[in-house]
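Asks: Pasting model.cif below, which is mmCIF, C-alpha atoms.
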data_query
#
loop_
_atom_site.group_PDB
_atom_site.id
_atom_site.type_symbol
_atom_site.label_atom_id
_atom_site.label_comp_id
_atom_site.auth_asym_id
_atom_site.auth_seq_id
_atom_site.Cartn_x
_atom_site.Cartn_y
_atom_site.Cartn_z
ATOM 1 C CA MET A 174 -14.448 -1.754 -15.247
ATOM 2 C CA THR A 175 -16.451 0.951 -13.500
ATOM 3 C CA THR A 176 -19.491 -0.407 -11.725
ATOM 4 C CA PHE A 177 -22.801 1.420 -12.173
ATOM 5 C CA GLN A 178 -24.800 -0.529 -9.618
ATOM 6 C CA LYS A 179 -24.262 0.841 -6.132
ATOM 7 C CA ARG A 180 -22.461 -1.725 -4.029
ATOM 8 C CA SER A 181 -20.931 -1.849 -0.585
ATOM 9 C CA ILE A 182 -17.289 -2.256 0.336
ATOM 10 C CA VAL A 183 -15.327 -2.674 3.558
ATOM 11 C CA VAL A 184 -11.918 -1.019 3.762
ATOM 12 C CA THR A 185 -9.747 -2.225 6.633
ATOM 13 C CA GLY A 186 -6.921 0.016 7.787
ATOM 14 C CA ALA A 187 -9.236 2.793 6.667
ATOM 15 C CA SER A 188 -7.630 5.683 8.541
ATOM 16 C CA GLY A 189 -4.138 4.966 7.244
ATOM 17 C CA PHE A 190 -2.185 6.567 4.418
ATOM 18 C CA VAL A 191 -3.461 4.233 1.697
ATOM 19 C CA GLY A 192 -6.872 3.633 3.239
ATOM 20 C CA ARG A 193 -7.963 7.243 2.940
ATOM 21 C CA HIS A 194 -7.122 7.309 -0.758
ATOM 22 C CA VAL A 195 -8.878 3.987 -1.349
ATOM 23 C CA ILE A 196 -11.975 5.325 0.395
ATOM 24 C CA ALA A 197 -11.938 8.538 -1.661
ATOM 25 C CA ASP A 198 -11.750 6.505 -4.876
ATOM 26 C CA ALA A 199 -14.476 4.084 -3.740
ATOM 27 C CA LEU A 200 -16.794 6.959 -2.845
ATOM 28 C CA ASP A 201 -16.179 8.556 -6.231
ATOM 29 C CA ARG A 202 -17.210 5.264 -7.839
ATOM 30 C CA GLY A 203 -20.483 5.282 -5.933
ATOM 31 C CA TYR A 204 -19.770 2.639 -3.321
ATOM 32 C CA ASP A 205 -21.313 2.549 0.126
ATOM 33 C CA VAL A 206 -18.095 2.465 2.162
ATOM 34 C CA HIS A 207 -17.727 0.827 5.563
ATOM 35 C CA ALA A 208 -14.454 1.656 7.286
ATOM 36 C CA VAL A 209 -12.621 -0.455 9.850
ATOM 37 C CA MET A 210 -9.922 1.333 11.842
ATOM 38 C CA HIS A 211 -7.967 0.721 15.017
ATOM 39 C CA ALA A 212 -8.783 4.120 16.566
ATOM 40 C CA ASP A 213 -11.375 6.879 16.174
ATOM 41 C CA VAL A 214 -9.551 9.077 13.671
ATOM 42 C CA SER A 215 -11.113 11.911 11.688
ATOM 43 C CA TRP A 216 -10.045 13.162 8.270
ATOM 44 C CA PRO A 217 -11.596 15.250 5.489
ATOM 45 C CA GLY A 218 -14.281 13.163 3.814
ATOM 46 C CA ARG A 219 -14.931 10.737 6.659
ATOM 47 C CA GLU A 220 -18.468 12.084 6.949
ATOM 48 C CA ARG A 221 -19.250 10.491 3.571
ATOM 49 C CA LEU A 222 -18.765 6.971 4.969
ATOM 50 C CA THR A 223 -21.793 4.738 5.341
ATOM 51 C CA SER A 224 -20.363 3.450 8.637
ATOM 52 C CA TRP A 225 -17.118 3.187 10.532
ATOM 53 C CA HIS A 226 -16.045 0.628 13.082
ATOM 54 C CA ILE A 227 -13.321 0.878 15.706
ATOM 55 C CA ALA A 228 -11.891 -2.612 15.985
ATOM 56 C CA ASP A 229 -8.735 -4.599 16.621
ATOM 57 C CA LEU A 230 -8.670 -7.112 13.770
ATOM 58 C CA ARG A 231 -6.052 -9.102 15.637
ATOM 59 C CA GLU A 232 -8.947 -10.148 17.855
ATOM 60 C CA ASP A 233 -12.038 -10.429 15.650
ATOM 61 C CA TRP A 234 -14.237 -8.991 12.893
ATOM 62 C CA PRO A 235 -16.605 -6.169 13.963
ATOM 63 C CA ASP A 236 -20.025 -7.481 15.017
ATOM 64 C CA GLY A 237 -22.747 -7.001 12.431
ATOM 65 C CA LEU A 238 -20.487 -5.609 9.701
ATOM 66 C CA THR A 239 -21.364 -6.970 6.241
ATOM 67 C CA ALA A 240 -20.572 -5.831 2.703
ATOM 68 C CA ASP A 241 -20.381 -7.031 -0.868
ATOM 69 C CA THR A 242 -16.603 -6.679 -1.194
ATOM 70 C CA ALA A 243 -13.524 -5.753 0.821
ATOM 71 C CA ILE A 244 -10.052 -4.296 0.456
ATOM 72 C CA HIS A 245 -7.834 -5.540 3.272
ATOM 73 C CA LEU A 246 -5.167 -2.928 4.025
ATOM 74 C CA ALA A 247 -4.883 -3.227 7.812
ATOM 75 C CA GLY A 248 -1.520 -4.334 9.146
ATOM 76 C CA LEU A 249 1.920 -3.283 10.283
ATOM 77 C CA ALA A 250 3.544 -1.835 7.186
ATOM 78 C CA ALA A 251 6.986 -0.297 7.794
ATOM 79 C CA VAL A 252 9.872 -2.592 6.869
ATOM 80 C CA GLY A 253 12.543 -1.054 9.111
ATOM 81 C CA PRO A 254 10.843 -1.537 12.511
ATOM 82 C CA SER A 255 10.026 -5.150 11.653
ATOM 83 C CA PHE A 256 13.657 -6.095 12.282
ATOM 84 C CA ALA A 257 13.342 -4.901 15.882
ATOM 85 C CA HIS A 258 9.893 -6.480 16.396
ATOM 86 C CA PRO A 259 9.776 -9.541 14.137
ATOM 87 C CA GLN A 260 7.184 -11.601 15.969
ATOM 88 C CA ARG A 261 4.891 -8.619 16.464
ATOM 89 C CA TYR A 262 4.738 -8.142 12.693
ATOM 90 C CA ILE A 263 4.230 -11.809 11.894
ATOM 91 C CA THR A 264 1.569 -12.336 14.550
ATOM 92 C CA ALA A 265 -0.372 -9.128 13.903
ATOM 93 C CA ASN A 266 -0.509 -9.330 10.119
ATOM 94 C CA SER A 267 -1.435 -13.005 10.129
ATOM 95 C CA ALA A 268 -4.141 -12.535 12.772
ATOM 96 C CA MET A 269 -5.749 -9.705 10.816
ATOM 97 C CA MET A 270 -5.877 -11.844 7.681
ATOM 98 C CA THR A 271 -7.526 -14.606 9.685
ATOM 99 C CA ALA A 272 -10.235 -12.189 10.829
ATOM 100 C CA VAL A 273 -10.941 -11.104 7.246
ATOM 101 C CA GLY A 274 -10.854 -14.615 5.841
ATOM 102 C CA GLU A 275 -13.155 -16.044 8.504
ATOM 103 C CA ALA A 276 -15.559 -13.124 7.997
ATOM 104 C CA ALA A 277 -15.701 -13.971 4.300
ATOM 105 C CA ILE A 278 -16.365 -17.655 4.993
ATOM 106 C CA ALA A 279 -19.132 -16.671 7.410
ATOM 107 C CA GLY A 280 -20.780 -14.486 4.737
ATOM 108 C CA ALA A 281 -19.962 -11.092 6.225
ATOM 109 C CA ILE A 282 -18.081 -10.355 2.985
ATOM 110 C CA ARG A 283 -20.186 -11.701 0.164
ATOM 111 C CA GLY A 284 -17.879 -11.174 -2.810
ATOM 112 C CA ARG A 285 -14.304 -10.375 -3.758
ATOM 113 C CA VAL A 286 -11.612 -9.576 -1.218
ATOM 114 C CA VAL A 287 -8.475 -7.762 -2.378
ATOM 115 C CA VAL A 288 -5.687 -8.723 0.015
ATOM 116 C CA VAL A 289 -2.858 -6.193 -0.042
ATOM 117 C CA SER A 290 0.597 -7.730 0.160
ATOM 118 C CA THR A 291 3.823 -6.064 -1.022
ATOM 119 C CA GLY A 292 6.402 -6.116 -3.781
ATOM 120 C CA GLY A 293 8.841 -6.643 -0.927
ATOM 121 C CA VAL A 294 8.114 -10.381 -0.992
ATOM 122 C CA TYR A 295 10.299 -10.876 -4.083
ATOM 123 C CA ALA A 296 13.822 -12.247 -3.851
ATOM 124 C CA GLY A 297 15.261 -9.703 -6.271
ATOM 125 C CA GLY A 298 18.877 -9.773 -7.349
ATOM 126 C CA GLY A 299 17.945 -11.401 -10.657
ATOM 127 C CA ALA A 300 16.109 -10.311 -13.757
ATOM 128 C CA VAL A 301 14.119 -7.088 -13.579
ATOM 129 C CA PRO A 302 11.411 -6.026 -13.762
ATOM 130 C CA LEU A 303 9.939 -8.507 -11.314
ATOM 131 C CA THR A 304 6.813 -10.321 -12.453
ATOM 132 C CA GLU A 305 4.231 -12.181 -10.392
ATOM 133 C CA ASP A 306 6.144 -15.390 -11.201
ATOM 134 C CA SER A 307 9.505 -14.128 -9.897
ATOM 135 C CA PRO A 308 10.970 -16.015 -6.907
ATOM 136 C CA LEU A 309 9.952 -14.919 -3.414
ATOM 137 C CA ALA A 310 12.268 -14.441 -0.434
ATOM 138 C CA ALA A 311 11.845 -13.705 3.261
ATOM 139 C CA SER A 312 14.153 -10.673 3.255
ATOM 140 C CA SER A 313 12.635 -9.034 6.363
ATOM 141 C CA PRO A 314 10.176 -9.946 9.113
ATOM 142 C CA TYR A 315 7.698 -7.729 7.279
ATOM 143 C CA ALA A 316 8.170 -9.809 4.110
ATOM 144 C CA VAL A 317 7.788 -12.984 6.163
ATOM 145 C CA SER A 318 4.453 -11.711 7.474
ATOM 146 C CA LYS A 319 3.208 -10.834 3.985
ATOM 147 C CA ILE A 320 4.237 -14.163 2.490
ATOM 148 C CA LEU A 321 2.261 -15.778 5.298
ATOM 149 C CA VAL A 322 -0.727 -13.527 4.569
ATOM 150 C CA GLU A 323 -0.584 -14.568 0.901
ATOM 151 C CA GLN A 324 -0.574 -18.217 1.946
ATOM 152 C CA GLN A 325 -3.615 -17.549 4.089
ATOM 153 C CA ALA A 326 -5.324 -15.886 1.130
ATOM 154 C CA ASP A 327 -4.668 -19.056 -0.866
ATOM 155 C CA TYR A 328 -6.155 -21.154 1.935
ATOM 156 C CA TYR A 329 -9.306 -19.044 2.039
ATOM 157 C CA ARG A 330 -9.490 -19.141 -1.761
ATOM 158 C CA ARG A 331 -9.589 -22.924 -1.494
ATOM 159 C CA ARG A 332 -12.437 -22.484 0.969
ATOM 160 C CA GLY A 333 -14.441 -20.581 -1.660
ATOM 161 C CA VAL A 334 -13.412 -16.969 -0.975
ATOM 162 C CA ASP A 335 -12.714 -14.830 -4.056
ATOM 163 C CA ALA A 336 -9.391 -13.639 -2.630
ATOM 164 C CA ILE A 337 -7.129 -11.616 -4.931
ATOM 165 C CA VAL A 338 -3.601 -10.647 -3.861
ATOM 166 C CA ALA A 339 -2.194 -7.242 -4.831
ATOM 167 C CA ARG A 340 1.556 -6.682 -4.550
ATOM 168 C CA PRO A 341 2.212 -2.940 -4.567
ATOM 169 C CA PHE A 342 5.760 -1.639 -4.718
ATOM 170 C CA ASN A 343 6.895 1.539 -2.952
ATOM 171 C CA HIS A 344 4.181 4.145 -2.265
ATOM 172 C CA ILE A 345 4.601 7.911 -2.249
ATOM 173 C CA GLY A 346 2.136 10.791 -2.213
ATOM 174 C CA PRO A 347 0.009 13.114 -0.101
ATOM 175 C CA GLY A 348 -0.643 12.129 3.483
ATOM 176 C CA GLN A 349 2.242 9.701 3.972
ATOM 177 C CA ALA A 350 3.326 9.473 7.621
ATOM 178 C CA PRO A 351 6.849 9.325 9.067
ATOM 179 C CA GLY A 352 8.671 6.020 8.802
ATOM 180 C CA PHE A 353 9.077 6.131 5.018
ATOM 181 C CA LEU A 354 11.654 7.762 2.770
ATOM 182 C CA VAL A 355 9.898 10.913 1.543
ATOM 183 C CA PRO A 356 8.343 12.065 4.851
ATOM 184 C CA ASP A 357 11.521 11.227 6.764
ATOM 185 C CA LEU A 358 13.704 13.166 4.331
ATOM 186 C CA ARG A 359 11.255 16.088 4.411
ATOM 187 C CA ALA A 360 11.337 16.187 8.219
ATOM 188 C CA ALA A 361 15.122 15.981 8.259
ATOM 189 C CA LEU A 362 15.432 18.814 5.737
ATOM 190 C CA ASP A 363 13.012 20.991 7.699
ATOM 191 C CA ALA A 364 15.061 20.490 10.871
ATOM 192 C CA LEU A 365 18.477 20.878 9.232
ATOM 193 C CA PRO A 366 20.518 23.883 10.386
ATOM 194 C CA ALA A 367 21.935 26.094 7.666
ATOM 195 C CA ASP A 368 25.038 24.635 5.959
ATOM 196 C CA ALA A 369 24.865 21.462 8.088
ATOM 197 C CA PRO A 370 25.237 18.058 6.384
ATOM 198 C CA LEU A 371 22.227 15.760 6.162
ATOM 199 C CA ALA A 372 22.649 12.364 7.848
ATOM 200 C CA VAL A 373 21.224 9.686 5.582
ATOM 201 C CA GLY A 374 21.037 5.952 5.128
ATOM 202 C CA ASN A 375 21.797 4.186 1.875
ATOM 203 C CA LEU A 376 20.530 6.496 -0.892
ATOM 204 C CA THR A 377 22.076 4.462 -3.714
ATOM 205 C CA THR A 378 19.400 1.755 -3.671
ATOM 206 C CA ARG A 379 16.789 2.095 -6.384
ATOM 207 C CA ARG A 380 13.080 1.432 -5.896
ATOM 208 C CA ASP A 381 9.900 1.498 -7.973
ATOM 209 C CA TYR A 382 7.791 4.389 -6.615
ATOM 210 C CA THR A 383 4.073 4.669 -7.433
ATOM 211 C CA ASP A 384 1.729 7.478 -6.437
ATOM 212 C CA VAL A 385 -0.601 6.220 -3.713
ATOM 213 C CA ARG A 386 -3.631 7.480 -5.657
ATOM 214 C CA ASP A 387 -2.712 5.294 -8.620
ATOM 215 C CA ILE A 388 -2.279 2.338 -6.277
ATOM 216 C CA ALA A 389 -5.705 2.972 -4.744
ATOM 217 C CA HIS A 390 -7.155 3.112 -8.255
ATOM 218 C CA ALA A 391 -5.634 -0.294 -9.043
ATOM 219 C CA TYR A 392 -7.233 -1.873 -5.973
ATOM 220 C CA LEU A 393 -10.663 -0.582 -6.969
ATOM 221 C CA ASP A 394 -10.128 -1.749 -10.550
ATOM 222 C CA LEU A 395 -9.473 -5.242 -9.172
ATOM 223 C CA ILE A 396 -12.659 -5.045 -7.111
ATOM 224 C CA ASP A 397 -14.712 -3.769 -10.053
ATOM 225 C CA ALA A 398 -13.484 -6.315 -12.614
ATOM 226 C CA THR A 399 -16.204 -8.782 -13.566
ATOM 227 C CA THR A 400 -13.695 -11.580 -14.092
ATOM 228 C CA LEU A 401 -9.973 -11.915 -13.464
ATOM 229 C CA ARG A 402 -7.626 -14.395 -15.113
ATOM 230 C CA ASN A 403 -5.161 -14.493 -12.222
ATOM 231 C CA THR A 404 -5.088 -14.348 -8.434
ATOM 232 C CA THR A 405 -1.993 -12.144 -7.945
ATOM 233 C CA TYR A 406 -1.222 -8.728 -9.437
ATOM 234 C CA ASN A 407 1.758 -6.387 -9.144
ATOM 235 C CA VAL A 408 1.087 -2.660 -8.829
ATOM 236 C CA SER A 409 4.125 -0.698 -9.988
ATOM 237 C CA THR A 410 5.503 1.724 -12.584
ATOM 238 C CA GLY A 411 8.229 -0.429 -14.134
ATOM 239 C CA ARG A 412 10.836 2.256 -13.427
ATOM 240 C CA SER A 413 13.168 2.922 -10.514
ATOM 241 C CA LEU A 414 14.603 5.935 -8.726
ATOM 242 C CA SER A 415 17.463 6.028 -6.253
ATOM 243 C CA GLY A 416 17.097 7.539 -2.819
ATOM 244 C CA ALA A 417 19.420 10.307 -3.998
ATOM 245 C CA GLU A 418 17.083 11.068 -6.912
ATOM 246 C CA ILE A 419 14.112 11.167 -4.564
ATOM 247 C CA LEU A 420 16.033 13.627 -2.368
ATOM 248 C CA ALA A 421 16.751 15.781 -5.418
ATOM 249 C CA LEU A 422 13.067 15.833 -6.419
ATOM 250 C CA LEU A 423 12.093 16.701 -2.856
ATOM 251 C CA CYS A 424 14.577 19.573 -2.690
ATOM 252 C CA GLU A 425 13.368 20.810 -6.087
ATOM 253 C CA THR A 426 9.785 20.835 -4.834
ATOM 254 C CA MET A 427 10.781 22.574 -1.611
ATOM 255 C CA GLY A 428 12.783 25.181 -3.536
ATOM 256 C CA ARG A 429 16.068 24.505 -1.781
ATOM 257 C CA ASP A 430 19.534 23.250 -2.657
ATOM 258 C CA ILE A 431 20.530 19.647 -2.034
ATOM 259 C CA PRO A 432 22.591 19.664 1.175
ATOM 260 C CA SER A 433 25.873 17.871 1.640
ATOM 261 C CA LEU A 434 25.369 14.326 2.890
ATOM 262 C CA VAL A 435 26.944 12.221 5.617
ATOM 263 C CA ALA A 436 26.358 8.485 5.929
ATOM 264 C CA ASP A 437 24.635 7.252 9.092
ATOM 265 C CA PRO A 438 25.217 3.472 9.473
ATOM 266 C CA ASP A 439 22.343 3.222 11.953
ATOM 267 C CA ARG A 440 19.934 4.051 9.134
ATOM 268 C CA TRP A 441 21.025 1.119 6.960
ATOM 269 C CA ARG A 442 18.914 -2.038 6.879
ATOM 270 C CA PRO A 443 20.405 -5.499 7.494
ATOM 271 C CA THR A 444 19.265 -6.593 4.019
ATOM 272 C CA ASP A 445 18.824 -4.101 1.197
ATOM 273 C CA LEU A 446 18.702 -5.012 -2.494
ATOM 274 C CA PRO A 447 20.457 -2.567 -4.847
ATOM 275 C CA GLU A 448 17.448 -2.285 -7.197
ATOM 276 C CA VAL A 449 13.798 -3.347 -7.163
ATOM 277 C CA ILE A 450 11.523 -2.793 -10.164
ATOM 278 C CA GLY A 451 8.100 -4.328 -10.624
ATOM 279 C CA SER A 452 6.221 -5.241 -13.778
ATOM 280 C CA SER A 453 2.512 -4.418 -13.766
ATOM 281 C CA ARG A 454 1.991 -5.726 -17.283
ATOM 282 C CA ARG A 455 -0.530 -8.306 -16.065
ATOM 283 C CA LEU A 456 -2.661 -5.584 -14.469
ATOM 284 C CA HIS A 457 -2.366 -3.415 -17.570
ATOM 285 C CA ASP A 458 -3.160 -6.188 -20.031
ATOM 286 C CA GLU A 459 -6.222 -7.394 -18.124
ATOM 287 C CA LEU A 460 -7.677 -4.159 -16.767
ATOM 288 C CA GLY A 461 -5.955 -1.369 -18.658
ATOM 289 C CA TRP A 462 -4.394 0.055 -15.489
ATOM 290 C CA SER A 463 -1.283 2.195 -15.690
ATOM 291 C CA PRO A 464 0.082 4.930 -13.403
ATOM 292 C CA ARG A 465 -1.291 8.374 -14.226
ATOM 293 C CA ARG A 466 1.019 10.453 -12.010
ATOM 294 C CA THR A 467 4.785 10.895 -11.847
ATOM 295 C CA PRO A 468 6.979 10.680 -8.736
ATOM 296 C CA LEU A 469 7.533 14.446 -9.002
ATOM 297 C CA THR A 470 3.772 15.040 -8.864
ATOM 298 C CA ALA A 471 3.449 12.682 -5.900
ATOM 299 C CA ILE A 472 6.243 14.424 -4.002
ATOM 300 C CA ALA A 473 4.954 17.903 -4.859
ATOM 301 C CA ASP A 474 1.468 17.018 -3.601
ATOM 302 C CA PHE A 475 2.995 15.536 -0.441
ATOM 303 C CA VAL A 476 4.885 18.768 0.212
ATOM 304 C CA LYS A 477 1.739 20.837 -0.448
ATOM 305 C CA GLY A 478 -0.022 18.786 2.207
ATOM 306 C CA LEU A 479 -2.976 17.869 0.019
ATOM 307 C CA ASP A 480 -5.654 15.802 1.748
ATOM 308 C CA THR A 481 -7.508 12.976 0.028
ATOM 309 C CA GLU A 482 -10.500 15.183 -0.739
ATOM 310 C CA SER A 483 -8.430 17.606 -2.801
ATOM 311 C CA ALA A 484 -5.960 15.061 -4.143
#
Go ahead and render the structure in this file as structure tokens.

Replies:
Amino acid sequence: MTTFQKRSIVVTGASGFVGRHVIADALDRGYDVHAVMHADVSWPGRERLTSWHIADLREDWPDGLTADTAIHLAGLAAVGPSFAHPQRYITANSAMMTAVGEAAIAGAIRGRVVVVSTGGVYAGGGAVPLTEDSPLAASSPYAVSKILVEQQADYYRRRGVDAIVARPFNHIGPGQAPGFLVPDLRAALDALPADAPLAVGNLTTRRDYTDVRDIAHAYLDLIDATTLRNTTYNVSTGRSLSGAEILALLCETMGRDIPSLVADPDRWRPTDLPEVIGSSRRLHDELGWSPRRTPLTAIADFVKGLDTESA
């Protein structure tokens, strides 16, 4: 699956948590990498980019930017805030997909486009693990926006764009920003007074957590594949951990005891499935992909503060 001919790739959402890991992997594979980001952000390794473009993809594609392939990561990604700003999520994520799709039709992206969706589009509540054929459900405004983005990818596919949808499940690993379970728990533990209880949301729900570096690797494998038999691929481990287990791993890595817990109803989501597990058998059977890192490794590297260059 590794390509030996130097090619070019555009990564949208380049300065984000996942984008930096995707770029590091693409550079290691010998790609000329063009980054699209919403603000002028620096990080270790950015100097290796072929070009970077500050752009608002809700408005348009950057002038003059062309490449062989693209990984479309840009978008609003946190589930929780989408309940407070539903239309913002739906409008922004759809508009960004339009910019990418129209760029591909116009020839600015000459080959495959990997469109990143989410495992959060599945209905859940039935058989697990979830496969690409499992029923979908609009369980949050974020999920609504991603289902719409997938429909747009299908539209552009019908227009001749080689659009492949990736559905990653929960991400963890070095560089993750606040707004997600591991960084939020870490911040809360750092600020917790001695012997005080930790206020938490629902830590009984179980999710499928994949190291962000393994997820980035999957996206590049999809780009590199000469042919693909399907248009949609899950990226997941096939195993689940509860929020309480994640907290225990985090405390183990930080070398501290698990504090007593107190429930904070304000941290609970309006809709929250008890367990979500994804099957990545399709990705494994076609491309040989499987996760190479454990959740403990991902959490430990997050706590160490590894950047994408050293990760």

Asks: Let me know the residues the PyMOL selection byres ((chain A and resi 470) around 10) catches in the file above, as a list in words.

Replies: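 Output from the PyMOL selection byres ((chain A and resi 470) around 10), applied to this file: Ile345, Gly346, Pro347, Asp384, Leu422, Thr426, Arg465, Arg466, Thr467, Pro468, Leu469, Ala471, Ile472, Ala473, Asp474, Phe475 and Val476 of chain A.
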
Asks: Put those residues in a file: C-alpha atoms, as a PDB file, in the frame of the given file.

Replies:
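Saved file part.pdb follows:
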ATOM      1  CA  ILE A 345       4.601   7.911  -2.249  1.00  0.00           C
ATOM      2  CA  GLY A 346       2.136  10.791  -2.213  1.00  0.00           C
ATOM      3  CA  PRO A 347       0.009  13.114  -0.101  1.00  0.00           C
ATOM      4  CA  ASP A 384       1.729   7.478  -6.437  1.00  0.00           C
ATOM      5  CA  LEU A 422      13.067  15.833  -6.419  1.00  0.00           C
ATOM      6  CA  THR A 426       9.785  20.835  -4.834  1.00  0.00           C
ATOM      7  CA  ARG A 465      -1.291   8.374 -14.226  1.00  0.00           C
ATOM      8  CA  ARG A 466       1.019  10.453 -12.010  1.00  0.00           C
ATOM      9  CA  THR A 467       4.785  10.895 -11.847  1.00  0.00           C
ATOM     10  CA  PRO A 468       6.979  10.680  -8.736  1.00  0.00           C
ATOM     11  CA  LEU A 469       7.533  14.446  -9.002  1.00  0.00           C
ATOM     12  CA  ALA A 471       3.449  12.682  -5.900  1.00  0.00           C
ATOM     13  CA  ILE A 472       6.243  14.424  -4.002  1.00  0.00           C
ATOM     14  CA  ALA A 473       4.954  17.903  -4.859  1.00  0.00           C
ATOM     15  CA  ASP A 474       1.468  17.018  -3.601  1.00  0.00           C
ATOM     16  CA  PHE A 475       2.995  15.536  -0.441  1.00  0.00           C
ATOM     17  CA  VAL A 476       4.885  18.768   0.212  1.00  0.00           C
TER      18      VAL A 476
END

Asks: Take the PyMOL selection byres ((chain A and resi 363-380) around 7), apply it to the structure above, and return the hits as JSON, numbers by chain.

Replies: {"A": [343, 359, 360, 361, 362, 381, 382, 413, 414, 415, 416, 417, 432, 433, 434, 435, 436, 437, 438, 440, 441, 446, 447, 448, 449, 450]}

Asks: If you keep C-alpha atoms, can you produce a file of those selected residues as a PDB file, keeping the file's coordinate frame?

Replies:
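Output contents, as saved in out25.pdb:
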ATOM      1  CA  ASN A 343       6.895   1.539  -2.952  1.00  0.00           C
ATOM      2  CA  ARG A 359      11.255  16.088   4.411  1.00  0.00           C
ATOM      3  CA  ALA A 360      11.337  16.187   8.219  1.00  0.00           C
ATOM      4  CA  ALA A 361      15.122  15.981   8.259  1.00  0.00           C
ATOM      5  CA  LEU A 362      15.432  18.814   5.737  1.00  0.00           C
ATOM      6  CA  ASP A 381       9.900   1.498  -7.973  1.00  0.00           C
ATOM      7  CA  TYR A 382       7.791   4.389  -6.615  1.00  0.00           C
ATOM      8  CA  SER A 413      13.168   2.922 -10.514  1.00  0.00           C
ATOM      9  CA  LEU A 414      14.603   5.935  -8.726  1.00  0.00           C
ATOM     10  CA  SER A 415      17.463   6.028  -6.253  1.00  0.00           C
ATOM     11  CA  GLY A 416      17.097   7.539  -2.819  1.00  0.00           C
ATOM     12  CA  ALA A 417      19.420  10.307  -3.998  1.00  0.00           C
ATOM     13  CA  PRO A 432      22.591  19.664   1.175  1.00  0.00           C
ATOM     14  CA  SER A 433      25.873  17.871   1.640  1.00  0.00           C
ATOM     15  CA  LEU A 434      25.369  14.326   2.890  1.00  0.00           C
ATOM     16  CA  VAL A 435      26.944  12.221   5.617  1.00  0.00           C
ATOM     17  CA  ALA A 436      26.358   8.485   5.929  1.00  0.00           C
ATOM     18  CA  ASP A 437      24.635   7.252   9.092  1.00  0.00           C
ATOM     19  CA  PRO A 438      25.217   3.472   9.473  1.00  0.00           C
ATOM     20  CA  ARG A 440      19.934   4.051   9.134  1.00  0.00           C
ATOM     21  CA  TRP A 441      21.025   1.119   6.960  1.00  0.00           C
ATOM     22  CA  LEU A 446      18.702  -5.012  -2.494  1.00  0.00           C
ATOM     23  CA  PRO A 447      20.457  -2.567  -4.847  1.00  0.00           C
ATOM     24  CA  GLU A 448      17.448  -2.285  -7.197  1.00  0.00           C
ATOM     25  CA  VAL A 449      13.798  -3.347  -7.163  1.00  0.00           C
ATOM     26  CA  ILE A 450      11.523  -2.793 -10.164  1.00  0.00           C
TER      27      ILE A 450
END

Asks: Using all atoms listed in the file, which residues sit within 12 Å of Ile263 of chain A once same-chain residues fewer than 6 positions away are excluded, as a VMD selection string?

Replies: chain A and resid 231 248 to 250 252 255 to 256 269 to 270 311 313 to 322

Asks: Determine the nearest neighbour of Tyr295 of chain A from the options A:Ser307, A:Ser463, A:Ala247, A:His211, counting all atoms listed in the file.

Replies: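 Smallest distance to Tyr295 of chain A is found for A:Ser307.
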
Asks: Within 12 Å of segment 385-388 of chain A, counting only C-alpha atoms, which residues show up once you throw out same-chain ones fewer than 6 positions away? Write them as JSON, numbers by chain, please.

Replies: {"A": [189, 190, 191, 192, 193, 194, 195, 196, 197, 198, 199, 246, 289, 291, 339, 340, 341, 342, 343, 344, 345, 346, 347, 348, 349, 394, 395, 406, 407, 408, 409, 410, 453, 456, 462, 463, 464, 465, 466, 467, 468, 470, 471, 472, 474, 475, 479, 480, 481, 482, 483, 484]}

Asks: Suppose we keep C-alpha atoms; can you now write the selection as a short mmCIF file (atom, residue, chain, number, x, y, z; two decimals), in the coordinates of the input?

Replies:
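As written to disk, part26.cif reads:
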data_model
loop_
_atom_site.label_atom_id
_atom_site.label_comp_id
_atom_site.auth_asym_id
_atom_site.auth_seq_id
_atom_site.Cartn_x
_atom_site.Cartn_y
_atom_site.Cartn_z
CA GLY A 189 -4.14 4.97 7.24
CA PHE A 190 -2.18 6.57 4.42
CA VAL A 191 -3.46 4.23 1.70
CA GLY A 192 -6.87 3.63 3.24
CA ARG A 193 -7.96 7.24 2.94
CA HIS A 194 -7.12 7.31 -0.76
CA VAL A 195 -8.88 3.99 -1.35
CA ILE A 196 -11.98 5.32 0.40
CA ALA A 197 -11.94 8.54 -1.66
CA ASP A 198 -11.75 6.50 -4.88
CA ALA A 199 -14.48 4.08 -3.74
CA LEU A 246 -5.17 -2.93 4.03
CA VAL A 289 -2.86 -6.19 -0.04
CA THR A 291 3.82 -6.06 -1.02
CA ALA A 339 -2.19 -7.24 -4.83
CA ARG A 340 1.56 -6.68 -4.55
CA PRO A 341 2.21 -2.94 -4.57
CA PHE A 342 5.76 -1.64 -4.72
CA ASN A 343 6.90 1.54 -2.95
CA HIS A 344 4.18 4.14 -2.26
CA ILE A 345 4.60 7.91 -2.25
CA GLY A 346 2.14 10.79 -2.21
CA PRO A 347 0.01 13.11 -0.10
CA GLY A 348 -0.64 12.13 3.48
CA GLN A 349 2.24 9.70 3.97
CA ASP A 394 -10.13 -1.75 -10.55
CA LEU A 395 -9.47 -5.24 -9.17
CA TYR A 406 -1.22 -8.73 -9.44
CA ASN A 407 1.76 -6.39 -9.14
CA VAL A 408 1.09 -2.66 -8.83
CA SER A 409 4.12 -0.70 -9.99
CA THR A 410 5.50 1.72 -12.58
CA SER A 453 2.51 -4.42 -13.77
CA LEU A 456 -2.66 -5.58 -14.47
CA TRP A 462 -4.39 0.06 -15.49
CA SER A 463 -1.28 2.19 -15.69
CA PRO A 464 0.08 4.93 -13.40
CA ARG A 465 -1.29 8.37 -14.23
CA ARG A 466 1.02 10.45 -12.01
CA THR A 467 4.78 10.90 -11.85
CA PRO A 468 6.98 10.68 -8.74
CA THR A 470 3.77 15.04 -8.86
CA ALA A 471 3.45 12.68 -5.90
CA ILE A 472 6.24 14.42 -4.00
CA ASP A 474 1.47 17.02 -3.60
CA PHE A 475 3.00 15.54 -0.44
CA LEU A 479 -2.98 17.87 0.02
CA ASP A 480 -5.65 15.80 1.75
CA THR A 481 -7.51 12.98 0.03
CA GLU A 482 -10.50 15.18 -0.74
CA SER A 483 -8.43 17.61 -2.80
CA ALA A 484 -5.96 15.06 -4.14
#
